[in-house]
Amino acid sequence: MLYPEIVIVGCGNPLFADDGFGPAVAEEMMKLSLPDNVKVEDGGLGAPHFIFTLLDPEVTKRLIIIDIADFGAEPGSIAKFRIEDLPPGSYRDAHSWDLTEPLERIKDQIDITVIGCQQKYVSDPEMEIGLSDEVSKAIPKTVRIVLDMIGVDYGTTRQCLQEERQRGTPETCGSTEIR
Amino acid sequence: MSKVVEISPTTRHEGHSKLVLKVNDAGIIETGNWCSITPVRGVEKLAVGKTPEQVPKIASRVCGICPVAHNLAGTEAMEASIKCEIPKDAKMLRHIVQLGNRCHSIALHDILILPDFYIPGTETKINPFTAEEPVRTVAKRIQRLREISQTICQIAGGEAIHPSNTRIGGMYRNCSELAKTKMYDLAKEGLVLAHAQSEFMIAVIRNYHKRDFVDVGGMKVPMVKELGYHNQGYLATHAFYGSSSQEECPSWDINRFKEVRPWDWYMGEMEVSLEEPRYPIGGTTKIGTKVNPQMEACTGIPMYDGQPVEVGPRARLAVYKGYDEKGTQGQNIAREMEYQDCFYEMIDCIDALNPNGKVVADYIPDGDGSLGWASNEAPRGTDVHIARVKDWKVQYFSMLVPTTWNFATCSAALKGAPWQLAEVIMRGYDPCVSCATHMIVIDEDNRLVAQKLIE
């Protein structure tokens, strides 16, 4: 099978400054030694057609998407979203898929979480490589959150998250609360 | 009297484009303009001063659907500039990745065009997502073909979407004997499925074009025999892969290429005077809207010997295999005919691959500033990258992507067709218009309200 039980996808385009957050987290996670049932993928711009429409719900049970989001918080803040929280059209390839939404089709069979990082600067339409400092600093925290979600203890993971929880709520990982 | 109709955005392809059509009283297109409204901006500038290793990675990010073609063309343009010949086994691995990407792309294109067609012998349009037979079997086959192709890309290329195994001078790693066997087994399975898939597709494509009328959003539209015909030429640089040497590939000569501005080619400012709310997915643009393809089109018009040319599967078959079927029908059939050939070629490449062979060149020069180019036959046509590398720094980089070639050619092919079928003609080119990025946007109350497409 191309995609195993747990799939972690970093989405975005590194050519548009902070939009490269997802692929940057994926790159960090690929350096880790993870269990065989976990696959980390740099989805780039192609996740809707290369990944979301190729998941087999009989095999894949969990999908974690890492992306930037604008939720009015401090740059670098991280929040978790469920598919139900997302506005219609998220991860829809608006011009490719006849306006169908690949995640809507699989959300009842696969547990999907989106980890969104508040961006500071997206350079589009101009191309610019490199994350802002704030977003760059969110990478290790995001890696820890993902590792905690998939139950992988990579040394300091759980302890750090417990510290986070004392400051914020578990769902917002110590950042802005999403109502 | 001519009327103007606009279809924006066009759907079921990658990227963001639109069609502006001047039609006569019978609804037949007199002049058609298909233009991109999301250009690839600044990649050339961004590349200057970077190392040759970085630029193919940057190039592969301009597009969400053909990162493989851009990665390979970018890498080989650098190698052509520094004059580095890569070992045979590295070449084989690259061929395998490229063919895997094409086999995935054909399957994806099948899903995108299927809703235009009918189940033969019925008046039912095909919904690729239905659970009913016979479509269910086809959809499962398409999914398996995509899975096989992506798995092969992943084994040979390191990653399924953005190949991480390619490097200047060859590949980082060869694959194991076991991985070679796995690719072989997958390719053999894919070949059988590709055979069945192309037979099915050719049947539904022929069925569609034989009809007197077809349905578009509840409108009965007359089918024309010459749908999508044009008199432009074809350009292809290899039956499967590509080239970076004019000796090897005399059909591509950079001196015969020139690019003109869109305003020399597209129509000027007009007002939409025909609106059709029944047209699928939200209707056409409202009457009174100002359109100006000359100013809105974001791509230049590439010319070969002074004319726009067609690139893609039909061009490859016409140049290398004497294929002569024309129009949208011929184009879609050519793509299906390539399907089995791609798997046969892939099996040959896997056969020829020696897992113990070296995959990195012994000597990788720093470059003396010579101009190098590489073409890669991406699924949708010839992708040419041009580079100049000196002292391991990129001095010049340019990308000539397949759909850019096809914009003007497809625009010419729209003439004479009912305007409701313009998107069918456009989809025959399997367009891949570089796509915008996206992010999730939440309003001041911290509630998610809309997704903004940044354009």
# chains A, B, ... in the order shown; residues from 1 in each chain; ligands from 1
$ residues_around --residues "range 26-38 of chain A" --least-positions-apart "6" --cutoff "12 Å" --atoms "only C-alpha atoms" --output "MDAnalysis selection string"
(chainID A and resid 1:12 14 20 44 59:67 136 138:147 149:155) or (chainID B and resid 158:159 162 164)
$ residues_around --residues "range 327-343 of chain B" --least-positions-apart "2" --cutoff "7 Å" --atoms "only C-alpha atoms" --output "JSON, numbers by chain"
{"B": [99, 103, 187, 190, 191, 194, 195, 198, 202, 205, 209, 226, 227, 228, 229, 313, 314, 317, 325, 345, 346, 347, 425, 428]}
$ residues_around --residues "Val68 in chain B" --least-positions-apart "3" --cutoff "9 Å" --atoms "only C-alpha atoms" --output "list in words"
Ser60, Ile65, Asn71, Leu72, Ala73, Val97, Gln98, Asn101, Cys153, Gly157, Ile161, His162, Pro163 and Ala378 of chain B
$ closest_residue --among "A:Phe21, A:Tyr121, A:Phe71, A:Phe16" --to "chain B" --atoms "only C-alpha atoms"
A:Phe71
$ select_by_dssp --residues "range 80-213 of chain B" --states "alpha helix (DSSP H)" --output "number ranges by chain"
B: 80-82, 88-113, 135-157, 177-210
$ residues_around --residues "Asn356 in chain B" --least-positions-apart "2" --cutoff "9 Å" --atoms "only C-alpha atoms" --output "ChimeraX atom specification"
/B:89,174-177,353-354,358
